[in-house]
Amino acid sequence: MGAQAVQAPARWPAEALLMSSLETRTDRFFSVWLITGFLLYAFGFFLAPSSKAQYLTLYIGLILPALYFSFFHFKQYYLENNRALLWILFITIALYLPSAWADGDTLDTLRKNLKGVLFVVCLSIAIRHTYLTSPRIIERLPFALLGCGALALILFYINLAQSGVAGGGVSGMGNLGENPNETGLALSVSLIILAASMARKPSPAGILLFVAFLIAIYLAYSRAALLGLAVTLPFMLFHQYGKPRAATAFLVCCSAGAITVAGMMLMGELDADKLLSRRPSLWMDFLSHNPGFNWAWGAGLPGSITIFSDILQRKLEPHSLYFALGLRGGILAITLFLGLVLAAVIRHGIKPSSNSVWLYILMFGMITQCFEGVYPVRPPNSFWLYTWLPLFMLLLTTNKNPDR
């Protein structure tokens, strides 16, 4: 009884809001609409028949109900929880502002990029609303995503049996079938969730599933995913077993290794283009196409973020979150986004908790986005699975931070 009495108050705010804010049928209608849309969108990272189908789910399932709760319950959503949702709104708008100094028609560019702000904010509202009204769904979401990932894994092996091993990597089916590299990245999220759940209670079935995920990621030839897992999984084990010093030392060693490799690339001792899949050549192409680039505020965020690479002879995106942030918004955009990441890490705290799995997914995303990803305030993309989603889960579903 004593333990239950201590734990009970943690749920009181959610229960109180559920009773006060969902009094009308309209409230309940939009609540079901928003939660259902959010879950379908989250599951769509793995099981949507196509990326367009998943984005359609976000259009239909999140925008209208999110706007409804923003207008009619503004105080409960934006002014509580240390105004976390309000800060997210401000930072998202700040990341959108480079649209104003991009080359081309300014009004048209602002109009095109405004929907990126709308999508990001609606996702944050959906997560906050789900936590406030149905906290059990938030608690079980990682396991639901693991189930979706397991189904996607089965479809991956079915596709492998039909098409055989491909030199450029094996794709999955549906949404994951559009790009082998993104297939590996999405399956890695499921593997991280599985590993986190098995950290203290390993089982033979769990180990077999872990190996099946790892083989699939390898066959997808997703080098970014393997790099992210090589850093995230050891950190996760140290963190889960309550060894923050060992976890920190491991990250310091990884950072030192990365700096050493980068230095060797700059000195010409290592072939950067070969090791990084010609990313440096692509980045130089982007800089040459943006002569107005400024280190402080970037070159602006245009309506289209792709260029035709003269070196690679293809129309491409930057393939790096950090390069895209620096190119479009300069040091200002990098500081804003990394500040949001730091706030999420601080809010989680030092000790492992039920939200730690989102910390691991976010770490995986921050590592892999060095060589993947686009500017964060853009129409929804597959990278939201390990950037915006874990960020919002940490910022909006954690009520307090006992350890910093």
# chains A, B, ... in the order shown; residues from 1 in each chain; ligands from 1

call {"tool": "residues_around", "arguments": {"residues": "segment 114-120 of chain A", "least_positions_apart": "2", "cutoff": "6 Å", "atoms": "only C-alpha atoms", "output": "PDB file with N, CA and C atoms, in the first residue's frame"}}
result
ATOM      1  N   LEU A 110       7.905  31.038 -48.165  1.00  0.00           N
ATOM      2  CA  LEU A 110       7.305  31.025 -46.831  1.00  0.00           C
ATOM      3  C   LEU A 110       6.052  30.157 -46.805  1.00  0.00           C
ATOM      4  N   ARG A 111       5.257  30.261 -47.853  1.00  0.00           N
ATOM      5  CA  ARG A 111       4.026  29.461 -47.929  1.00  0.00           C
ATOM      6  C   ARG A 111       4.341  27.973 -47.991  1.00  0.00           C
ATOM      7  N   LYS A 112       5.311  27.587 -48.819  1.00  0.00           N
ATOM      8  CA  LYS A 112       5.641  26.175 -48.975  1.00  0.00           C
ATOM      9  C   LYS A 112       6.196  25.571 -47.688  1.00  0.00           C
ATOM     10  N   CYS A 122       1.966  19.758 -34.929  1.00  0.00           N
ATOM     11  CA  CYS A 122       0.834  18.837 -34.757  1.00  0.00           C
ATOM     12  C   CYS A 122       1.286  17.511 -34.169  1.00  0.00           C
ATOM     13  N   LEU A 123       2.454  17.020 -34.581  1.00  0.00           N
ATOM     14  CA  LEU A 123       2.968  15.785 -33.998  1.00  0.00           C
ATOM     15  C   LEU A 123       3.250  15.972 -32.509  1.00  0.00           C
ATOM     16  N   VAL A 377      12.656  21.185 -40.323  1.00  0.00           N
ATOM     17  CA  VAL A 377      11.335  21.781 -40.537  1.00  0.00           C
ATOM     18  C   VAL A 377      10.994  21.650 -42.020  1.00  0.00           C
ATOM     19  N   ARG A 378      10.643  20.439 -42.392  1.00  0.00           N
ATOM     20  CA  ARG A 378      10.266  20.094 -43.751  1.00  0.00           C
ATOM     21  C   ARG A 378       9.069  19.152 -43.679  1.00  0.00           C
ATOM     22  N   PRO A 379       8.414  18.870 -44.810  1.00  0.00           N
ATOM     23  CA  PRO A 379       7.331  17.880 -44.785  1.00  0.00           C
ATOM     24  C   PRO A 379       7.807  16.565 -44.178  1.00  0.00           C
TER      25      PRO A 379
END

call {"tool": "residues_around", "arguments": {"residues": "segment 95-98 of chain A", "least_positions_apart": "2", "cutoff": "7 Å", "atoms": "only C-alpha atoms", "output": "PyMOL selection string"}}
result
chain A and resi 91-93+100-102+117+300-301+328-329+333+377

call {"tool": "closest_residue", "arguments": {"among": "A:Ser382, A:Ser255, A:Thr248, A:Thr36", "to": "Val189 of chain A", "atoms": "only C-alpha atoms"}}
result
A:Ser382

call {"tool": "residues_around", "arguments": {"residues": "Ala196 of chain A", "least_positions_apart": "4", "cutoff": "9 Å", "atoms": "only C-alpha atoms", "output": "PyMOL selection string"}}
result
chain A and resi 191-192+200+233+236-237+240+356-357+360

call {"tool": "write_last_selection", "arguments": {"atoms": "C-alpha atoms", "output": "PDB file, in the first residue's frame"}}
result
ATOM      1  CA  LEU A 191      16.354  -3.640 -32.457  1.00  0.00           C
ATOM      2  CA  ILE A 192      17.140  -0.884 -29.931  1.00  0.00           C
ATOM      3  CA  ARG A 200      17.958  -7.108 -17.622  1.00  0.00           C
ATOM      4  CA  LEU A 233      24.019  -0.441 -27.908  1.00  0.00           C
ATOM      5  CA  MET A 236      22.586   1.488 -23.548  1.00  0.00           C
ATOM      6  CA  LEU A 237      24.056  -1.455 -21.629  1.00  0.00           C
ATOM      7  CA  GLN A 240      20.797   0.318 -18.053  1.00  0.00           C
ATOM      8  CA  SER A 356      15.159   5.670 -21.515  1.00  0.00           C
ATOM      9  CA  VAL A 357      14.381   3.777 -24.707  1.00  0.00           C
ATOM     10  CA  TYR A 360      18.656   5.555 -26.948  1.00  0.00           C
TER      11      TYR A 360
END

call {"tool": "closest_residue", "arguments": {"among": "A:Val211, A:Val231, A:Met393, A:Ala296", "to": "Leu141 of chain A", "atoms": "only C-alpha atoms"}}
result
A:Met393

call {"tool": "closest_residue", "arguments": {"among": "A:Ser222, A:Ser281, A:Ser203, A:Gln54", "to": "Leu39 of chain A", "atoms": "only C-alpha atoms"}}
result
A:Gln54

call {"tool": "residues_around", "arguments": {"residues": "Trp384 of chain A", "least_positions_apart": "6", "cutoff": "12 Å", "atoms": "only C-alpha atoms", "output": "MDAnalysis selection string"}}
result
chainID A and resid 41:42 44:45 54:55 119:120 123:124 182 185:186 189 321 361:362 365:366 369 372:378 390:392

call {"tool": "write_last_selection", "arguments": {"atoms": "N, CA and C atoms", "output": "PDB file, in the first residue's frame"}}
result
ATOM      1  N   TYR A  41       0.096   6.870 -37.693  1.00  0.00           N
ATOM      2  CA  TYR A  41       1.290   7.494 -38.262  1.00  0.00           C
ATOM      3  C   TYR A  41       2.556   6.830 -37.724  1.00  0.00           C
ATOM      4  N   ALA A  42       2.611   6.572 -36.418  1.00  0.00           N
ATOM      5  CA  ALA A  42       3.792   5.940 -35.820  1.00  0.00           C
ATOM      6  C   ALA A  42       3.994   4.528 -36.357  1.00  0.00           C
ATOM      7  N   GLY A  44       3.036   3.503 -39.148  1.00  0.00           N
ATOM      8  CA  GLY A  44       3.304   3.608 -40.579  1.00  0.00           C
ATOM      9  C   GLY A  44       4.774   3.685 -40.920  1.00  0.00           C
ATOM     10  N   PHE A  45       5.621   4.045 -39.953  1.00  0.00           N
ATOM     11  CA  PHE A  45       7.060   4.019 -40.224  1.00  0.00           C
ATOM     12  C   PHE A  45       7.507   2.628 -40.661  1.00  0.00           C
ATOM     13  N   GLN A  54       1.738   7.038 -45.558  1.00  0.00           N
ATOM     14  CA  GLN A  54       1.983   7.435 -44.175  1.00  0.00           C
ATOM     15  C   GLN A  54       1.773   8.933 -43.990  1.00  0.00           C
ATOM     16  N   TYR A  55       2.276   9.732 -44.934  1.00  0.00           N
ATOM     17  CA  TYR A  55       2.105  11.176 -44.829  1.00  0.00           C
ATOM     18  C   TYR A  55       0.623  11.548 -44.888  1.00  0.00           C
ATOM     19  N   PHE A 119       3.201  20.535 -39.505  1.00  0.00           N
ATOM     20  CA  PHE A 119       3.337  19.094 -39.281  1.00  0.00           C
ATOM     21  C   PHE A 119       4.093  18.800 -37.990  1.00  0.00           C
ATOM     22  N   VAL A 120       5.208  19.497 -37.773  1.00  0.00           N
ATOM     23  CA  VAL A 120       6.024  19.245 -36.587  1.00  0.00           C
ATOM     24  C   VAL A 120       5.238  19.566 -35.319  1.00  0.00           C
ATOM     25  N   LEU A 123       2.454  17.020 -34.581  1.00  0.00           N
ATOM     26  CA  LEU A 123       2.968  15.785 -33.998  1.00  0.00           C
ATOM     27  C   LEU A 123       3.250  15.972 -32.509  1.00  0.00           C
ATOM     28  N   SER A 124       3.821  17.101 -32.135  1.00  0.00           N
ATOM     29  CA  SER A 124       4.106  17.347 -30.716  1.00  0.00           C
ATOM     30  C   SER A 124       2.814  17.425 -29.907  1.00  0.00           C
ATOM     31  N   GLU A 182      17.273   3.195 -45.556  1.00  0.00           N
ATOM     32  CA  GLU A 182      16.229   3.564 -44.597  1.00  0.00           C
ATOM     33  C   GLU A 182      15.577   2.332 -43.996  1.00  0.00           C
ATOM     34  N   LEU A 185      17.805   1.507 -41.147  1.00  0.00           N
ATOM     35  CA  LEU A 185      17.650   2.479 -40.066  1.00  0.00           C
ATOM     36  C   LEU A 185      16.375   2.231 -39.258  1.00  0.00           C
ATOM     37  N   ALA A 186      15.267   1.959 -39.946  1.00  0.00           N
ATOM     38  CA  ALA A 186      14.004   1.709 -39.243  1.00  0.00           C
ATOM     39  C   ALA A 186      14.071   0.412 -38.441  1.00  0.00           C
ATOM     40  N   VAL A 189      15.747   0.772 -35.102  1.00  0.00           N
ATOM     41  CA  VAL A 189      14.944   1.308 -34.001  1.00  0.00           C
ATOM     42  C   VAL A 189      14.259   0.167 -33.256  1.00  0.00           C
ATOM     43  N   LEU A 321      21.751  15.850 -41.604  1.00  0.00           N
ATOM     44  CA  LEU A 321      20.958  16.794 -40.822  1.00  0.00           C
ATOM     45  C   LEU A 321      21.790  18.016 -40.437  1.00  0.00           C
ATOM     46  N   ILE A 361      17.023   5.833 -28.729  1.00  0.00           N
ATOM     47  CA  ILE A 361      16.621   6.055 -30.119  1.00  0.00           C
ATOM     48  C   ILE A 361      17.077   7.427 -30.597  1.00  0.00           C
ATOM     49  N   LEU A 362      16.971   8.423 -29.721  1.00  0.00           N
ATOM     50  CA  LEU A 362      17.434   9.760 -30.081  1.00  0.00           C
ATOM     51  C   LEU A 362      18.945   9.767 -30.307  1.00  0.00           C
ATOM     52  N   GLY A 365      19.616   8.341 -33.598  1.00  0.00           N
ATOM     53  CA  GLY A 365      19.279   9.302 -34.640  1.00  0.00           C
ATOM     54  C   GLY A 365      20.321  10.386 -34.788  1.00  0.00           C
ATOM     55  N   MET A 366      20.827  10.905 -33.681  1.00  0.00           N
ATOM     56  CA  MET A 366      21.815  11.981 -33.760  1.00  0.00           C
ATOM     57  C   MET A 366      23.123  11.504 -34.385  1.00  0.00           C
ATOM     58  N   GLN A 369      22.265  10.702 -38.280  1.00  0.00           N
ATOM     59  CA  GLN A 369      21.926  11.897 -39.045  1.00  0.00           C
ATOM     60  C   GLN A 369      23.147  12.720 -39.449  1.00  0.00           C
ATOM     61  N   GLU A 372      22.871  11.246 -42.884  1.00  0.00           N
ATOM     62  CA  GLU A 372      21.526  11.095 -43.431  1.00  0.00           C
ATOM     63  C   GLU A 372      20.716  12.327 -43.032  1.00  0.00           C
ATOM     64  N   GLY A 373      19.488  12.399 -43.511  1.00  0.00           N
ATOM     65  CA  GLY A 373      18.583  13.422 -43.014  1.00  0.00           C
ATOM     66  C   GLY A 373      18.565  14.701 -43.829  1.00  0.00           C
ATOM     67  N   VAL A 374      17.551  15.499 -43.563  1.00  0.00           N
ATOM     68  CA  VAL A 374      17.355  16.783 -44.222  1.00  0.00           C
ATOM     69  C   VAL A 374      17.048  17.825 -43.145  1.00  0.00           C
ATOM     70  N   TYR A 375      16.812  19.053 -43.563  1.00  0.00           N
ATOM     71  CA  TYR A 375      16.470  20.113 -42.618  1.00  0.00           C
ATOM     72  C   TYR A 375      15.225  19.695 -41.826  1.00  0.00           C
ATOM     73  N   PRO A 376      15.212  19.898 -40.506  1.00  0.00           N
ATOM     74  CA  PRO A 376      14.136  19.320 -39.671  1.00  0.00           C
ATOM     75  C   PRO A 376      12.747  19.912 -39.891  1.00  0.00           C
ATOM     76  N   VAL A 377      12.656  21.185 -40.323  1.00  0.00           N
ATOM     77  CA  VAL A 377      11.335  21.781 -40.537  1.00  0.00           C
ATOM     78  C   VAL A 377      10.994  21.650 -42.020  1.00  0.00           C
ATOM     79  N   ARG A 378      10.643  20.439 -42.392  1.00  0.00           N
ATOM     80  CA  ARG A 378      10.266  20.094 -43.751  1.00  0.00           C
ATOM     81  C   ARG A 378       9.069  19.152 -43.679  1.00  0.00           C
ATOM     82  N   PRO A 390      11.385  10.694 -30.878  1.00  0.00           N
ATOM     83  CA  PRO A 390      11.979  10.540 -29.538  1.00  0.00           C
ATOM     84  C   PRO A 390      12.185  11.866 -28.817  1.00  0.00           C
ATOM     85  N   LEU A 391      12.466  12.940 -29.558  1.00  0.00           N
ATOM     86  CA  LEU A 391      12.608  14.251 -28.928  1.00  0.00           C
ATOM     87  C   LEU A 391      11.329  14.634 -28.179  1.00  0.00           C
ATOM     88  N   PHE A 392      10.202  14.497 -28.852  1.00  0.00           N
ATOM     89  CA  PHE A 392       8.936  14.875 -28.235  1.00  0.00           C
ATOM     90  C   PHE A 392       8.546  13.915 -27.125  1.00  0.00           C
TER      91      PHE A 392
END

call {"tool": "atom_distance", "arguments": {"atom1": "atom CA of Val345 of chain A", "atom2": "atom CA of Leu396 of chain A"}}
result
12.2 Å

call {"tool": "residues_around", "arguments": {"residues": "Leu342 of chain A", "least_positions_apart": "2", "cutoff": "12 Å", "atoms": "only C-alpha atoms", "output": "VMD selection string"}}
result
chain A and resid 334 to 340 344 to 349 359 362 to 363 366 391 394 to 395 404

call {"tool": "closest_residue", "arguments": {"among": "A:Ala48, A:Ala272, A:Leu145, A:Ala199", "to": "Glu178 of chain A", "atoms": "only C-alpha atoms"}}
result
A:Ala48

call {"tool": "residues_around", "arguments": {"residues": "Ser288 of chain A", "least_positions_apart": "3", "cutoff": "12 Å", "atoms": "only C-alpha atoms", "output": "list in words"}}
result
Ser281, Leu282, Trp283, Met284, Asp285, Pro291, Gly292, Phe293, Ala299, Ile307, Phe308, Ser309, Asp310, Ile311 and Leu327 of chain A

call {"tool": "closest_residue", "arguments": {"among": "A:Gly268, A:Gly326, A:Pro65, A:Gly177", "to": "Ile125 of chain A", "atoms": "only C-alpha atoms"}}
result
A:Pro65

call {"tool": "residues_around", "arguments": {"residues": "Leu227 of chain A", "least_positions_apart": "2", "cutoff": "12 Å", "atoms": "only C-alpha atoms", "output": "list of chain:residue names"}}
result
A:Gly184, A:Leu185, A:Ser188, A:Ile217, A:Tyr218, A:Tyr221, A:Ser222, A:Arg223, A:Ala224, A:Ala225, A:Leu229, A:Ala230, A:Val231, A:Thr232, A:Leu233, A:Pro234, A:Cys254, A:Ala258, A:Leu276, A:Met363, A:Phe364, A:Gly365, A:Met366, A:Ile367, A:Thr368, A:Gln369, A:Cys370, A:Phe371

call {"tool": "write_last_selection", "arguments": {"atoms": "C-alpha atoms", "output": "compact mmCIF listing (two decimals), in the first residue's frame"}}
result
# COMPACT_ATOMS: atom_id res chain seq x y z
CA GLY A 184 18.15 -0.71 -42.06
CA LEU A 185 17.65 2.48 -40.07
CA SER A 188 17.51 -0.61 -36.04
CA ILE A 217 20.23 -4.62 -41.10
CA TYR A 218 23.49 -6.02 -42.45
CA TYR A 221 23.81 -2.61 -46.32
CA SER A 222 22.92 0.29 -44.07
CA ARG A 223 26.33 1.47 -42.92
CA ALA A 224 24.86 4.46 -41.08
CA ALA A 225 22.61 2.10 -39.11
CA LEU A 229 24.15 0.70 -33.33
CA ALA A 230 27.87 0.29 -32.61
CA VAL A 231 27.71 3.38 -30.41
CA THR A 232 24.15 3.18 -29.07
CA LEU A 233 24.02 -0.44 -27.91
CA PRO A 234 27.13 -0.37 -25.65
CA CYS A 254 33.87 7.31 -29.58
CA ALA A 258 35.55 10.23 -34.74
CA LEU A 276 31.50 8.47 -46.58
CA MET A 363 21.14 8.99 -29.66
CA PHE A 364 20.95 6.58 -32.58
CA GLY A 365 19.28 9.30 -34.64
CA MET A 366 21.81 11.98 -33.76
CA ILE A 367 24.66 9.67 -34.84
CA THR A 368 23.14 8.42 -38.07
CA GLN A 369 21.93 11.90 -39.04
CA CYS A 370 25.53 12.94 -39.53
CA PHE A 371 25.29 11.17 -42.90

call {"tool": "select_by_dssp", "arguments": {"residues": "segment 102-340 of chain A", "states": "helix (DSSP H, G or I)", "output": "ChimeraX atom specification"}}
result
/A:106-133,135-163,174-178,180-198,204-219,223-240,244-266,272-275,279-288,321-340

call {"tool": "atom_distance", "arguments": {"atom1": "atom CA of Leu89 of chain A", "atom2": "atom CA of His73 of chain A"}}
result
15.4 Å
